[in-house]
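Raw contents of query-v5.txt, compact mmCIF, C-alpha atoms:
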# COMPACT_ATOMS: atom_id res chain seq x y z
CA MET A 1 0.00 0.00 0.00
CA TRP A 2 2.81 2.45 0.88
CA SER A 3 4.43 1.79 -2.44
CA SER A 4 1.19 2.79 -4.20
CA ILE A 5 0.93 5.99 -2.17
CA ILE A 6 4.56 6.83 -2.90
CA ALA A 7 4.04 6.11 -6.60
CA VAL A 8 0.93 8.36 -6.76
CA ALA A 9 2.67 11.14 -4.80
CA GLY A 10 5.71 10.90 -7.07
CA THR A 11 3.53 11.07 -10.16
CA LEU A 12 1.67 14.12 -8.81
CA LEU A 13 4.88 15.89 -7.81
CA GLY A 14 6.46 15.08 -11.16
CA GLY A 15 3.43 16.51 -12.99
CA ALA A 16 3.46 19.66 -10.86
CA PHE A 17 7.18 20.12 -11.41
CA THR A 18 6.78 19.66 -15.17
CA ALA A 19 3.93 22.22 -15.24
CA LEU A 20 6.06 24.69 -13.27
CA LEU A 21 9.00 24.30 -15.66
CA GLN A 22 6.73 24.68 -18.69
CA SER A 23 5.15 27.81 -17.23
CA ARG A 24 8.56 29.36 -16.61
CA ARG A 25 9.69 28.52 -20.16
CA GLU A 26 6.54 30.10 -21.61
CA ARG A 27 7.00 33.23 -19.47
CA ALA A 28 10.63 33.53 -20.59
CA ALA A 29 9.63 33.07 -24.24
CA ARG A 30 6.93 35.75 -23.89
CA ALA A 31 9.42 38.16 -22.34
CA GLU A 32 11.88 37.49 -25.16
CA ARG A 33 9.20 38.10 -27.83
CA ARG A 34 8.24 41.35 -26.11
CA ALA A 35 11.88 42.47 -25.92
CA ASP A 36 12.34 41.64 -29.62
CA ALA A 37 9.20 43.61 -30.51
CA LEU A 38 10.47 46.56 -28.45
CA ARG A 39 13.86 46.47 -30.19
CA VAL A 40 12.16 46.48 -33.60
CA ALA A 41 9.71 49.25 -32.66
CA LEU A 42 12.48 51.36 -31.16
CA GLY A 43 14.62 50.97 -34.27
CA GLU A 44 11.68 51.91 -36.47
CA LEU A 45 10.88 54.93 -34.29
CA VAL A 46 14.45 56.24 -34.29
CA ALA A 47 14.66 55.80 -38.07
CA ALA A 48 11.27 57.49 -38.61
CA LEU A 49 12.27 60.40 -36.37
CA GLY A 50 15.50 60.82 -38.33
CA ASP A 51 13.64 60.73 -41.64
CA HIS A 52 11.13 63.28 -40.39
CA ARG A 53 13.86 65.59 -39.05
CA ARG A 54 15.61 65.51 -42.42
CA ALA A 55 12.36 66.11 -44.32
CA LEU A 56 11.38 69.03 -42.11
CA TRP A 57 14.89 70.48 -42.29
CA HIS A 58 14.77 70.35 -46.07
CA ARG A 59 11.28 71.84 -46.21
CA GLU A 60 12.12 74.66 -43.81
CA ASP A 61 15.43 75.35 -45.54
CA LEU A 62 13.57 75.72 -48.84
CA ARG A 63 10.94 77.95 -47.26
CA LEU A 64 13.47 80.14 -45.47
CA GLY A 65 15.57 80.39 -48.61
CA GLY A 66 12.65 81.64 -50.67
CA ALA A 67 12.35 78.58 -52.91
CA GLY A 68 9.48 78.32 -55.34
CA ALA A 69 6.04 77.24 -54.21
CA GLU A 70 6.25 73.97 -56.14
CA ALA A 71 9.49 72.90 -54.43
CA VAL A 72 8.17 73.87 -50.99
CA GLU A 73 4.92 71.96 -51.62
CA ALA A 74 6.81 68.84 -52.71
CA ALA A 75 8.93 69.04 -49.56
CA ARG A 76 5.78 69.58 -47.50
CA ALA A 77 4.25 66.38 -48.95
CA THR A 78 7.40 64.44 -48.07
CA ALA A 79 7.34 65.86 -44.53
CA ARG A 80 3.71 64.80 -44.13
CA ALA A 81 4.56 61.26 -45.17
CA THR A 82 7.50 61.06 -42.78
CA ARG A 83 5.37 62.51 -39.97
CA SER A 84 2.83 59.80 -40.56
CA ALA A 85 5.55 57.14 -40.38
CA VAL A 86 6.37 58.19 -36.79
CA THR A 87 2.95 57.30 -35.35
CA ALA A 88 2.92 53.48 -35.42
CA PRO A 89 6.38 52.89 -33.92
CA LEU A 90 5.78 55.64 -31.35
CA VAL A 91 2.62 53.92 -30.17
CA ALA A 92 4.32 50.51 -30.20
CA VAL A 93 7.25 51.72 -28.06
CA CYS A 94 4.87 53.36 -25.57
CA VAL A 95 2.71 50.24 -25.29
CA LEU A 96 5.56 47.75 -25.09
CA GLU A 97 7.55 49.74 -22.52
CA PRO A 98 5.55 52.42 -20.70
CA ALA A 99 8.72 53.71 -19.03
CA LEU A 100 9.83 54.95 -22.47
CA THR A 101 6.64 56.94 -23.10
CA GLU A 102 8.02 60.29 -21.94
CA PRO A 103 11.42 60.06 -23.68
CA ALA A 104 9.71 58.85 -26.88
CA ARG A 105 7.13 61.62 -26.72
CA ARG A 106 9.83 64.25 -26.12
CA ALA A 107 11.84 62.95 -29.09
CA ALA A 108 8.78 63.07 -31.36
CA LEU A 109 7.74 66.54 -30.23
CA ALA A 110 11.29 67.83 -30.68
CA ALA A 111 11.32 66.53 -34.25
CA PHE A 112 7.91 68.08 -34.96
CA ALA A 113 9.14 71.43 -33.56
CA LEU A 114 11.32 72.05 -36.62
CA ARG A 115 8.15 73.09 -38.42
CA ASP A 116 7.80 76.82 -39.10
CA ALA A 117 11.20 77.77 -37.70
CA PRO A 118 11.61 81.57 -37.68
CA GLY A 119 15.10 81.49 -39.19
CA ARG A 120 18.04 79.29 -40.13
CA THR A 121 19.78 79.75 -36.79
CA ALA A 122 16.62 78.70 -34.94
CA LEU A 123 16.20 75.79 -37.36
CA ALA A 124 19.72 74.56 -36.58
CA ALA A 125 19.08 74.85 -32.83
CA LEU A 126 15.75 73.00 -33.14
CA ARG A 127 17.42 70.26 -35.16
CA GLU A 128 20.15 69.88 -32.53
CA ALA A 129 17.51 69.68 -29.79
CA ALA A 130 15.65 66.99 -31.76
CA VAL A 131 18.83 64.94 -32.23
CA THR A 132 19.58 65.25 -28.51
CA ALA A 133 16.05 64.16 -27.58
CA THR A 134 16.38 61.10 -29.82
CA ASP A 135 19.77 60.28 -28.27
CA GLU A 136 18.16 60.54 -24.82
CA LEU A 137 15.41 58.12 -25.91
CA VAL A 138 18.02 55.62 -27.09
CA ALA A 139 19.97 55.99 -23.83
CA ALA A 140 16.81 55.46 -21.75
CA ALA A 141 15.95 52.37 -23.80
CA GLY A 142 19.45 51.02 -23.29
CA ARG A 143 19.15 51.42 -19.52
CA ILE A 144 15.74 49.73 -19.47
CA MET A 145 16.66 46.88 -21.78
CA THR A 146 19.80 45.93 -19.86
CA ARG A 147 18.09 45.51 -16.51
Structure re-expressed in structure tokens:
Amino acid sequence: MWSSIIAVAGTLLGGAFTALLQSRRERAARAERRADALRVALGELVAALGDHRRALWHREDLRLGGAGAEAVEAARATARATRSAVTAPLVAVCVLEPALTEPARRAALAAFALRDAPGRTALAALREAAVTATDELVAAAGRIMTR
């Protein structure tokens, strides 16, 4: 009789241990998928912010330099497209890692601030501030992802 009880207890403990190990493996796999998704979204966001900064710089440089309406409108269309490309990765980064919401938002707003710069000196300063804000986002992500 004791051998039967020991056999049943061993089977139950073995099943519980197996379930525990499987649960831990699934949790680790989920965390790895989330980290991968964050890395991808962050890369896309940084690239989109860079593209948008360049497009706005070009547009504002044309506008401030007195370029023709057609050239300014073409640059404006490009800037709209690059602005649109910021939205999805920005949302993804904020959802995947809420601690990056503020740095990501600051980086996006700094890039958007290049619009309607009052002069070339201000445009250069706004561009530098946008680059710095993006660098701060990357640094914050690095600190979070290495914990």
Next on the checklist: If I take atom CA of A:Trp57 and atom CA of A:Ala111, how far is one from the other in Å, to one decimal?
Outcome noted: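 Result for atom CA of A:Trp57 versus atom CA of A:Ala111: 9.6 Å, one decimal.
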Next on the checklist: Neighbouring residues of A:Leu137 were defined as those with any atom within 6 Å, considering all atoms listed in the file; residues of the same chain fewer than 2 positions away were excluded. Please report them as number ranges by chain.
Outcome noted: A: 103-104, 134-135, 139-140
Item to check | A:Ala141 environment, 9 Å, only C-alpha atoms, sequence neighbours closer than 6 positions dropped, as a list of chain:residue names | outcome: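 The neighbour list is A:Arg39, A:Leu42, A:Glu97, A:Ala99, A:Leu100, A:Pro103.
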Next on the checklist: Distance cut-off 12 Å, centre (4.0, 60.8, -39.4) in file coordinates, counting only C-alpha atoms: which residues qualify? Return them as a list in words.
Outcome noted: Leu45, Ala47, Ala48, Leu49, Gly50, Asp51, His52, Arg53, Ala55, Leu56, Ala77, Thr78, Ala79, Arg80, Ala81, Thr82, Arg83, Ser84, Ala85, Val86, Thr87, Ala88, Pro89, Leu90, Val91, Ala108, Leu109, Ala111 and Phe112 of chain A
Next on the checklist: So the first atom is atom CA of A:Glu73 and the second is atom CA of A:Gly43; what is the distance between them in Å, to one decimal place?
Outcome noted: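 For atom CA of A:Glu73 relative to atom CA of A:Gly43, the distance reads 28.9 Å.
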Checklist outcome for this item: Computed gap from atom CA of A:Glu32 to atom CA of A:Val95 is 15.7 Å
Checklist entry - Quick one: residues within 10 Å of A:Ala92, only C-alpha atoms counted, chain neighbours fewer than 6 positions away excluded, as a PyMOL selection string? => result chain A and resi 37-38+40-42+44-45+98+101
Take the selection from the previous step and output its residues with C-alpha atoms, as a PDB file, keeping the file's coordinate frame.
ATOM      1  CA  ALA A  37       9.200  43.610 -30.510  1.00  0.00           C
ATOM      2  CA  LEU A  38      10.470  46.560 -28.450  1.00  0.00           C
ATOM      3  CA  VAL A  40      12.160  46.480 -33.600  1.00  0.00           C
ATOM      4  CA  ALA A  41       9.710  49.250 -32.660  1.00  0.00           C
ATOM      5  CA  LEU A  42      12.480  51.360 -31.160  1.00  0.00           C
ATOM      6  CA  GLU A  44      11.680  51.910 -36.470  1.00  0.00           C
ATOM      7  CA  LEU A  45      10.880  54.930 -34.290  1.00  0.00           C
ATOM      8  CA  PRO A  98       5.550  52.420 -20.700  1.00  0.00           C
ATOM      9  CA  THR A 101       6.640  56.940 -23.100  1.00  0.00           C
TER      10      THR A 101
END
Next on the checklist: Under the rule that only C-alpha atoms are counted, which of A:Cys94, A:Ala71, A:Ala35, A:Ala133 is the nearest residue to A:Arg147?
Outcome noted: A:Ala35
Item to check | Counting all atoms listed in the file, the option among A:Glu60, A:Gly65, A:Leu114, A:Arg30 closest to A:Arg127 | outcome: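 Between A:Glu60, A:Gly65, A:Leu114, A:Arg30, the residue approaching A:Arg127 most closely is A:Leu114.
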Next on the checklist: Given all atoms listed in the file as the basis, pick out the residue of A:Ala124, A:Gly119, A:Ser4, A:Ala9 nearest to A:Gly66.
Outcome noted: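 Of all the options, A:Gly119 lies closest to A:Gly66.
When all atoms listed in the file are used to measure the gap to A:Met145, the shortest distance among A:Arg24, A:Ala16, A:Ala122, A:Arg34 belongs to A:Arg34.
Of the residues listed (A:Arg143, A:Arg33, A:Arg120, A:Arg76), A:Arg120 shows the shortest atom-to-atom separation from A:Leu64; distances use only C-alpha atoms.
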Checklist entry - Nearest to A:Ala75: which of A:Asp61, A:Asp36, A:Glu128, A:Glu136 is it, counting all atoms listed in the file? => result A:Asp61
With 6 Å on each side, where is the centre of the axis-aligned box around all listed atoms of stretch 53-57 of chain A, and how long are its edges in Å to one decimal, as JSON?
{"center_x": 13.5, "center_y": 68.0, "center_z": -41.7, "size_x": 16.2, "size_y": 17.0, "size_z": 17.3}
